[in-house]
Amino acid sequence: MKSRPAIHLLLVLLSAVLLLASALPGNAETIRNLAMVSGVRSNQLVGYGLVVGLNGTGDQATQVPYTTQSLLNMFQRLGINLPASVATNLQPKDVAAVMVTAHLPPFAQPGQTINVTVSAVGNASSLAGGTLLMTPLKGADGQTYAVAQGNIIVSGFGASSNGASAQVNITTAGTIPNGANVERSVPSGFDTGGPLQLDLHTPSFTTVARIVDAINRSLGYGTAEALNAGVVQVQAPVNPSERVNFLALIENLNVEPETPVAKVVIDARSGTVVLGQNVTLGSCAVAHGNLSVTISQKYLVSQPNPLGAGQTVVVPQANIKIKQPQAKLLMFEPGVSLEALVRALNAVGATPTDLIAILQAMKAAGALHAQLEVI
């Protein structure tokens, strides 16, 4: 038999475990997964350049004249002036015009490197083995923020001979890891002082209220306030180091987001149907069948009696068949879950096209308790 102190200690430990379990939300997410700091984002960069060193897979000068023009302009900047007769007949096969794109991450500083993507814009058949020449990368404001150069990595492969060809993946686009040097930083406004804003990835009144409550309970009431369903304003310290520590604490706070609304997304082009959670059905009966009509026609030759006065004619004969298989009737009770719906439709062998038609009809009848979105 256990002593009274041992029983008391066991009850205290059990109470502590239950209290800790109740404090942890079931589907909690950190704030960093639910929101981002306003202004702290990446920026797109783009540039136009030339790829050289191709094994005869570059642009054809007669069909892509701007490649030759770009090459001549580069020669002039390097102090190479070709005679007019030579420049007119210049038809390189190892040069390709390309567009270079990259993402400049937030807080990137001059001297750091970023990845770039190189894509052909002419009729080059492959960029494999090519080298990108120095290409300025500009932002939406027209300023140069990075400069790219380097050897291109192409994941595709292609070969051709005597009119036959084979290709694996794409050979006209490639990447250059760490292929651009950052030359200019983008001000983010993070270190200017004043309040900071947290922008929710998915606006929700419930989620934003829970985020404000979690921040105020951890860092003091009045620290955060909701401006709308998608923005939380927090009173952050002015000192940059303190602001970093302040946001580090906020990002790691756990918040249970609002349960997503029930939604069914249909991609009519590919026949993809995605049913989200919490999709339920009302009481309904579904019967779905396919009506097929087949029309075939053949020609018969009518040959008259040789001693008669008739003529040989071709008589068309059409054969029409109508087939409608027996429809399978499905009965759903109120509150049927998504799992039961999928299991029943799979049992009758419904195709994605059938599923799209069934869901649209159920939504029109008011039996589908979900938002129906067609993309």
# chains A, B, ... in the order shown; residues from 1 in each chain; ligands from 1

$ residues_around --residues "Ile31 in chain A" --least-positions-apart "2" --cutoff "7 Å" --atoms "only C-alpha atoms" --output "number ranges by chain"
A: 29, 33-35, 250-255

$ closest_residue --among "A:Ala364, A:Leu247, A:Ala357, A:Met99" --to "Ala148 in chain A" --atoms "only C-alpha atoms"
A:Met99

$ residues_around --residues "range 198-214 of chain A" --least-positions-apart "2" --cutoff "10 Å" --atoms "only C-alpha atoms" --output "ChimeraX atom specification"
/A:30-39,196,216-234,250,253-260

$ residues_around --residues "Thr144 in chain A" --least-positions-apart "4" --cutoff "9 Å" --atoms "only C-alpha atoms" --output "ChimeraX atom specification"
/A:45,136-139,183-184

$ write_last_selection --atoms "C-alpha atoms" --output "compact mmCIF listing (two decimals), in the first residue's frame"
# COMPACT_ATOMS: atom_id res chain seq x y z
CA LEU A 45 15.20 40.80 -60.83
CA PRO A 136 23.16 43.23 -65.07
CA LEU A 137 19.98 42.26 -63.20
CA LYS A 138 17.54 45.10 -62.64
CA GLY A 139 14.53 45.60 -60.42
CA GLU A 183 25.56 44.97 -55.85
CA ARG A 184 22.87 46.95 -54.06

$ residues_around --residues "Ala180 in chain A" --least-positions-apart "4" --cutoff "6 Å" --atoms "only C-alpha atoms" --output "short mmCIF file (atom, residue, chain, number, x, y, z; two decimals) with C-alpha atoms, in the first residue's frame"
data_model
loop_
_atom_site.label_atom_id
_atom_site.label_comp_id
_atom_site.auth_asym_id
_atom_site.auth_seq_id
_atom_site.Cartn_x
_atom_site.Cartn_y
_atom_site.Cartn_z
CA THR A 113 25.51 35.64 -54.03
CA ILE A 114 22.10 34.49 -55.26
CA VAL A 147 25.31 41.07 -61.82
CA ALA A 148 25.19 37.48 -63.10
#

$ atom_distance --atom1 "CA of Ala140 in chain A" --atom2 "CA of Val100 in chain A"
14.3 Å
